[in-house]
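What follows is the content of coords26.cif, which has mmCIF, C-alpha atoms and all ligand atoms:
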data_target
loop_
_atom_site.label_atom_id
_atom_site.label_comp_id
_atom_site.auth_asym_id
_atom_site.auth_seq_id
_atom_site.Cartn_x
_atom_site.Cartn_y
_atom_site.Cartn_z
CA MET A 1 3.66 3.65 5.99
CA PRO A 2 0.41 3.60 3.99
CA GLU A 3 -0.45 0.08 2.90
CA GLY A 4 -2.59 -1.17 0.02
CA ASP A 5 -5.90 -0.46 1.73
CA THR A 6 -4.98 3.19 2.42
CA VAL A 7 -3.78 3.68 -1.15
CA TRP A 8 -6.94 2.04 -2.50
CA SER A 9 -9.12 4.38 -0.41
CA THR A 10 -7.09 7.39 -1.56
CA ALA A 11 -7.59 6.37 -5.21
CA ARG A 12 -11.31 5.97 -4.67
CA ARG A 13 -11.67 9.42 -3.10
CA LEU A 14 -9.64 11.05 -5.89
CA ASN A 15 -11.63 9.17 -8.52
CA GLN A 16 -14.90 10.43 -7.04
CA VAL A 17 -13.93 14.08 -7.46
CA PHE A 18 -11.81 13.92 -10.66
CA ALA A 19 -13.34 11.30 -13.00
CA GLY A 20 -14.82 12.85 -16.13
CA ARG A 21 -13.68 16.38 -15.28
CA PRO A 22 -10.96 18.48 -16.93
CA LEU A 23 -7.99 19.68 -14.92
CA THR A 24 -8.03 23.42 -14.42
CA ARG A 25 -4.88 23.43 -12.34
CA CYS A 26 -1.68 21.38 -12.59
CA ASP A 27 1.37 22.23 -10.55
CA LEU A 28 3.90 19.40 -10.22
CA ARG A 29 6.72 20.31 -7.84
CA TRP A 30 9.10 17.53 -8.78
CA PRO A 31 12.26 18.21 -10.79
CA SER A 32 11.73 15.66 -13.58
CA VAL A 33 8.13 16.72 -14.29
CA ALA A 34 8.07 20.37 -13.18
CA GLU A 35 7.51 21.52 -16.78
CA VAL A 36 4.55 19.21 -17.41
CA ASP A 37 1.23 21.03 -17.74
CA LEU A 38 -1.87 18.84 -17.97
CA THR A 39 -4.52 21.55 -17.67
CA GLY A 40 -7.38 20.75 -20.02
CA ALA A 41 -6.77 17.00 -19.86
CA VAL A 42 -9.81 15.04 -18.66
CA THR A 43 -9.47 12.46 -15.88
CA VAL A 44 -10.46 8.99 -17.04
CA GLU A 45 -10.04 7.34 -13.63
CA VAL A 46 -7.83 7.17 -10.56
CA VAL A 47 -6.89 3.64 -9.49
CA SER A 48 -4.34 1.94 -7.27
CA TYR A 49 -2.03 -0.98 -7.87
CA GLY A 50 -0.48 -2.22 -4.65
CA LYS A 51 0.91 0.94 -3.08
CA HIS A 52 1.04 2.87 -6.37
CA LEU A 53 -1.51 5.51 -7.44
CA LEU A 54 -2.37 5.93 -11.12
CA HIS A 55 -4.25 9.08 -12.12
CA ARG A 56 -5.17 8.43 -15.76
CA LEU A 57 -6.07 11.33 -18.01
CA ARG A 58 -6.96 11.83 -21.65
CA SER A 59 -5.32 14.75 -23.36
CA ALA A 60 -5.62 15.79 -27.02
CA GLU A 61 -3.45 13.03 -28.44
CA HIS A 62 -3.16 10.19 -25.99
CA GLY A 63 -3.68 8.78 -22.54
CA VAL A 64 -1.33 10.07 -19.89
CA THR A 65 -0.85 8.87 -16.31
CA VAL A 66 0.29 10.82 -13.27
CA HIS A 67 1.91 8.13 -11.13
CA SER A 68 2.62 8.69 -7.45
CA HIS A 69 3.71 6.63 -4.48
CA LEU A 70 3.10 7.63 -0.86
CA ARG A 71 6.22 5.89 0.54
CA MET A 72 6.54 6.57 4.29
CA ASP A 73 4.50 9.69 5.00
CA GLY A 74 2.88 10.76 1.75
CA SER A 75 -0.79 11.63 1.29
CA TRP A 76 -3.28 13.15 -1.13
CA ILE A 77 -5.70 15.53 0.56
CA ILE A 78 -8.78 16.95 -1.15
CA GLU A 79 -9.67 20.58 -0.43
CA ARG A 80 -11.95 23.28 -1.80
CA PRO A 81 -10.75 24.77 -5.09
CA ASP A 82 -9.91 28.11 -3.48
CA ALA A 83 -7.71 26.56 -0.77
CA ARG A 84 -4.30 28.16 -0.48
CA PRO A 85 -2.05 25.34 0.66
CA SER A 86 1.47 26.21 1.70
CA GLY A 87 4.49 24.31 2.90
CA HIS A 88 7.67 22.86 1.51
CA LYS A 89 6.29 19.30 1.51
CA ILE A 90 3.72 19.93 -1.21
CA ARG A 91 4.74 17.96 -4.29
CA ALA A 92 1.65 18.29 -6.49
CA LEU A 93 -1.51 20.34 -6.90
CA LEU A 94 -4.21 19.03 -9.24
CA GLY A 95 -7.48 20.91 -9.48
CA THR A 96 -10.91 21.02 -11.08
CA PRO A 97 -13.41 23.88 -10.75
CA ASP A 98 -14.80 22.10 -7.66
CA HIS A 99 -11.82 20.54 -5.87
CA LEU A 100 -8.11 20.82 -5.28
CA ALA A 101 -6.04 17.69 -4.57
CA ILE A 102 -2.82 18.31 -2.70
CA GLY A 103 -0.04 15.73 -2.85
CA HIS A 104 2.04 16.02 0.32
CA ASP A 105 5.43 14.44 0.85
CA LEU A 106 5.04 12.03 -2.08
CA GLY A 107 7.81 9.44 -2.45
CA MET A 108 7.59 9.25 -6.25
CA LEU A 109 5.98 11.38 -8.94
CA ASP A 110 6.12 10.60 -12.67
CA VAL A 111 4.12 11.42 -15.77
CA LEU A 112 4.10 8.82 -18.53
CA PRO A 113 1.91 7.55 -21.37
CA THR A 114 -0.82 5.33 -19.89
CA ALA A 115 0.22 2.66 -22.40
CA ASP A 116 3.64 2.53 -20.70
CA GLU A 117 2.42 1.93 -17.12
CA HIS A 118 3.80 -1.60 -17.31
CA THR A 119 7.32 -0.16 -17.30
CA LEU A 120 6.65 1.07 -13.75
CA LEU A 121 4.49 -1.75 -12.47
CA GLY A 122 5.52 -4.81 -14.49
CA HIS A 123 7.82 -6.10 -11.76
CA LEU A 124 5.05 -6.16 -9.12
CA GLY A 125 3.21 -9.29 -8.07
CA PRO A 126 -0.60 -9.58 -8.14
CA ASP A 127 -2.45 -6.71 -6.45
CA LEU A 128 -4.35 -7.95 -3.39
CA LEU A 129 -7.11 -5.39 -4.02
CA GLY A 130 -7.04 -5.45 -7.81
CA PRO A 131 -9.60 -6.90 -10.21
CA ASN A 132 -7.05 -9.44 -11.46
CA TRP A 133 -5.97 -10.82 -8.06
CA ASP A 134 -4.35 -14.20 -8.60
CA ALA A 135 -3.73 -16.15 -5.38
CA GLY A 136 -1.99 -18.99 -7.23
CA ARG A 137 0.58 -16.65 -8.74
CA ALA A 138 1.17 -14.90 -5.40
CA VAL A 139 1.73 -18.25 -3.67
CA ALA A 140 4.12 -19.41 -6.40
CA ASN A 141 6.08 -16.15 -6.03
CA LEU A 142 6.29 -16.57 -2.25
CA ARG A 143 7.49 -20.17 -2.55
CA ARG A 144 10.35 -19.09 -4.80
CA HIS A 145 11.47 -16.31 -2.43
CA PRO A 146 14.92 -16.93 -0.91
CA ASP A 147 14.26 -15.10 2.40
CA THR A 148 11.91 -15.56 5.38
CA ILE A 149 8.14 -15.46 4.93
CA ALA A 150 8.07 -12.04 6.68
CA ALA A 151 10.52 -10.63 4.12
CA ALA A 152 8.70 -12.32 1.24
CA LEU A 153 5.34 -10.80 2.24
CA LEU A 154 6.92 -7.31 2.27
CA ASP A 155 8.50 -7.86 -1.16
CA GLN A 156 6.08 -6.23 -3.60
CA ARG A 157 7.43 -8.46 -6.41
CA CYS A 158 5.64 -11.42 -4.76
CA LEU A 159 2.30 -9.69 -4.17
CA ALA A 160 1.48 -6.00 -4.03
CA GLY A 161 -0.13 -4.08 -1.18
CA ILE A 162 1.22 -5.56 2.06
CA GLY A 163 3.31 -3.50 4.49
CA THR A 164 4.43 -4.15 8.04
CA ILE A 165 0.95 -4.06 9.60
CA TRP A 166 -0.67 -6.64 7.36
CA ALA A 167 2.41 -8.83 7.21
CA ALA A 168 2.48 -9.06 11.01
CA GLU A 169 -1.27 -9.43 11.47
CA SER A 170 -1.65 -12.09 8.76
CA LEU A 171 1.25 -14.17 10.13
CA PHE A 172 -0.19 -13.90 13.64
CA ALA A 173 -3.70 -14.89 12.49
CA GLU A 174 -2.31 -17.94 10.69
CA ARG A 175 0.01 -18.80 13.62
CA LEU A 176 3.06 -18.82 11.35
CA ASP A 177 6.65 -18.17 12.44
CA PRO A 178 7.70 -15.01 10.55
CA TRP A 179 11.31 -16.25 10.42
CA THR A 180 10.56 -19.51 8.61
CA PRO A 181 12.05 -19.58 5.10
CA ALA A 182 9.17 -18.87 2.70
CA ALA A 183 10.12 -21.94 0.67
CA ASP A 184 9.53 -24.21 3.71
CA LEU A 185 5.81 -23.42 3.99
CA THR A 186 3.27 -25.62 2.26
CA GLU A 187 1.09 -24.44 -0.56
CA ALA A 188 -1.94 -24.73 1.73
CA GLN A 189 -0.29 -22.58 4.42
CA LEU A 190 0.70 -19.93 1.89
CA THR A 191 -2.73 -19.90 0.26
CA ALA A 192 -4.40 -19.42 3.65
CA LEU A 193 -1.91 -16.67 4.46
CA VAL A 194 -2.45 -14.61 1.30
CA GLU A 195 -6.21 -14.99 1.49
CA ARG A 196 -6.11 -13.86 5.13
CA ALA A 197 -4.06 -10.80 4.14
CA ARG A 198 -6.53 -10.04 1.38
CA ARG A 199 -9.50 -10.23 3.75
CA PHE A 200 -7.76 -7.87 6.18
CA LEU A 201 -7.01 -5.36 3.43
CA ARG A 202 -10.50 -5.52 1.95
CA ALA A 203 -12.13 -5.04 5.35
CA SER A 204 -9.86 -2.10 6.11
CA CYS A 205 -10.74 -0.30 2.88
CA ALA A 206 -13.96 0.67 4.62
CA HIS A 207 -12.27 2.29 7.65
CA PRO A 208 -9.90 5.19 8.22
CA ILE A 209 -7.94 3.06 10.69
CA PRO A 210 -6.60 -0.38 9.72
CA SER A 211 -8.03 -3.07 11.98
CA SER A 212 -7.58 -6.81 12.28
CA THR A 213 -9.32 -7.09 15.65
CA GLY A 214 -12.54 -5.43 14.52
CA GLU A 215 -11.88 -2.51 16.89
CA LEU A 216 -11.10 0.90 15.48
CA ARG A 217 -9.68 2.53 18.61
CA PRO A 218 -5.94 3.17 18.36
CA GLY A 219 -4.09 0.60 20.49
CA ARG A 220 -6.88 -1.96 20.13
CA ASN A 221 -6.91 -2.37 16.36
CA THR A 222 -4.11 -4.96 16.01
CA TYR A 223 -3.09 -8.28 17.57
CA ALA A 224 0.66 -7.95 17.19
CA HIS A 225 1.65 -4.87 15.20
CA GLY A 226 2.88 -1.96 17.30
CA ARG A 227 2.44 -3.88 20.58
CA HIS A 228 6.04 -4.57 21.61
CA ARG A 229 6.22 -6.04 25.16
CA GLN A 230 2.44 -5.85 25.58
CA PRO A 231 0.65 -9.13 26.38
CA CYS A 232 -0.57 -11.19 23.43
CA ARG A 233 -4.36 -10.85 23.16
CA ARG A 234 -4.57 -14.64 22.78
CA CYS A 235 -2.09 -16.07 25.26
CA GLY A 236 -0.60 -13.22 27.32
CA THR A 237 3.01 -13.76 26.22
CA PRO A 238 4.80 -10.44 25.60
CA ILE A 239 4.77 -9.46 21.93
CA ARG A 240 8.22 -9.14 20.39
CA VAL A 241 9.64 -7.35 17.38
CA ARG A 242 12.46 -8.17 14.99
CA ARG A 243 13.56 -6.74 11.66
CA ALA A 244 12.83 -8.46 8.36
CA GLY A 245 14.07 -7.96 4.82
CA PRO A 246 17.31 -7.19 3.01
CA PRO A 247 19.95 -5.23 4.99
CA THR A 248 19.21 -1.89 3.32
CA ARG A 249 15.43 -2.13 3.64
CA GLN A 250 14.82 -3.76 7.00
CA ARG A 251 11.37 -3.29 8.49
CA PRO A 252 9.96 -4.19 11.92
CA ILE A 253 7.71 -7.25 12.21
CA PHE A 254 5.85 -7.82 15.50
CA TYR A 255 4.94 -11.36 16.61
CA CYS A 256 3.93 -13.55 19.53
CA PRO A 257 6.70 -16.13 20.13
CA ALA A 258 4.25 -18.56 21.77
CA CYS A 259 1.31 -18.41 19.34
CA GLN A 260 3.58 -18.39 16.33
CA GLY A 261 5.99 -21.08 17.53
CA VAL A 262 9.11 -18.92 17.34
CA ALA A 263 12.14 -20.50 19.00
CA THR A 264 13.62 -18.17 21.62
CA GLU A 265 17.14 -17.17 20.76
ZN ZN B 301 0.23 -15.39 21.86
#

Go ahead and express the file in the form of structure tokens.
Amino acid sequence: MPEGDTVWSTARRLNQVFAGRPLTRCDLRWPSVAEVDLTGAVTVEVVSYGKHLLHRLRSAEHGVTVHSHLRMDGSWIIERPDARPSGHKIRALLGTPDHLAIGHDLGMLDVLPTADEHTLLGHLGPDLLGPNWDAGRAVANLRRHPDTIAAALLDQRCLAGIGTIWAAESLFAERLDPWTPAADLTEAQLTALVERARRFLRASCAHPIPSSTGELRPGRNTYAHGRHRQPCRRCGTPIRVRRAGPPTRQRPIFYCPACQGVATE
């Protein structure tokens, strides 16, 4: 699943080709917005908040935002304006005279007044990559969370932008047991954890492949994530995986039982 760094990079690429230009093509293949036509509207900017993409435009009367979410497999790909994309997974086509952006397999697509964005995003915690990042608020949200620290990190209401990769890698780097109740960690531990996650995300904004190890080769780019039964890069103990989160939204979290002090069950 794309995490905050991937969404941030997608927003930056879209912003580079759309900002200041009018839309010459708008084809939204999503039932609730299929009738919306934004051709002629000028892109103000494309930004991310956590895992959400906000394409802000100015039309004749007011600001309007095309909001999308990549969910599991979504992407925005930028092509030449004369590209002829096909396939049943295309959910949106937005074009200028110079580029065509193709939204594949999007998990959400809405159009709303820019002034109403808070109705979509107001429940989210501070954005790790946003200009208003607030570590104190993120830590306070984590401390109030009723579940494990792994589940709390994945809960976008605490802080926005972390998925399974950065949850696992941050917990490993800080040597924290993912199955500890979030409320049992100290403020200092939680502050170090969120700042670690933020550093990982910021560093990965510069690369096409997320990396906590500094290596970009697949299979060498993480310490714990995706390495079930492989030896820990620190201590050699086999990496394990367990599911975190509420029953309907459980997600895999990889960890080293030795480095992270996890009691064997
Ligand atoms: Zn280890």

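Comparing the minimum interatomic distances between ligand ZN 301 (chain B) and each of A:Gly226, A:Arg196, A:His52, A:Phe172, counting only C-alpha atoms and all ligand atoms, we find that A:Phe172 sits nearest.
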
Distance of atom CA of A:Ser32 from atom CA of A:Leu14, expressed in Å to one decimal place
23.2 Å

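Rounded to one decimal, atom CA of A:Ala244 and atom CA of A:Pro210 lie 21.1 Å from each other.
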
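Closest approach to A:Leu120 among A:Arg12, A:Ala135, A:Tyr49, A:His228: A:Tyr49, based on all atoms listed in the file.
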
Within 8 Å of A:Cys256, counting only C-alpha atoms, which residues qualify if same-chain residues fewer than 5 places away don't, as JSON, numbers by chain?
{"A": [172, 224, 232, 237, 238, 239, 240, 262]}

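Using all atoms listed in the file, the contacts of A:Leu94 at a cut-off of 6 Å, with sequence neighbours closer than 6 positions omitted, comprise Arg25, Cys26, Leu100 and Ala101 of chain A.
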
With C-alpha atoms retained, export the selected residues as a compact mmCIF listing (two decimals), in the coordinates of the input.
# COMPACT_ATOMS: atom_id res chain seq x y z
CA ARG A 25 -4.88 23.43 -12.34
CA CYS A 26 -1.68 21.38 -12.59
CA LEU A 100 -8.11 20.82 -5.28
CA ALA A 101 -6.04 17.69 -4.57

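Restricting the calculation to all atoms listed in the file, the smallest distance between A:Ile77 and any of A:Gln230, A:Thr148, A:Ser9, A:Ser204 is found for A:Ser9.
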
The centre and edge lengths of an axis-aligned box containing all atoms of stretch 18-21 of chain A present in the file, extended by 5 Å on each side, are to be given in Å to one decimal, as JSON.
{"center_x": -13.3, "center_y": 13.8, "center_z": -13.4, "size_x": 13.0, "size_y": 15.1, "size_z": 15.5}

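Using all atoms listed in the file, the nearest neighbour of ligand ZN 301 (chain B) within the list A:Cys235, A:Val111, A:Ala203, A:Ala140 is A:Cys235.
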
Within 7 Å of (3.8, 13.8, -1.9) (coordinates as in the file), grab all the protein and nucleic acid residues, counting all atoms listed in the file, and write them out as a PyMOL selection string.
chain A and resi 70+74-75+89-92+103-107

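Between atom CA of A:Val241 and atom CA of A:Arg143 there is a distance of 23.8 Å.
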
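In this comparison, which uses all atoms listed in the file, the residue of A:Arg58, A:Arg13, A:His67, A:Arg144 approaching A:Val33 most closely is A:His67.
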
Selection: 8 Å around A:Ile253, only C-alpha atoms, excl. self and same-chain fewer than 5 positions, as a PyMOL selection string:
chain A and resi 150+164-165+167-168+178+225+241-244

Using all atoms listed in the file, find the one residue out of A:Arg234, A:Arg157, A:Arg229, A:His88 that sits nearest to ligand ZN 301 (chain B).
A:Arg234
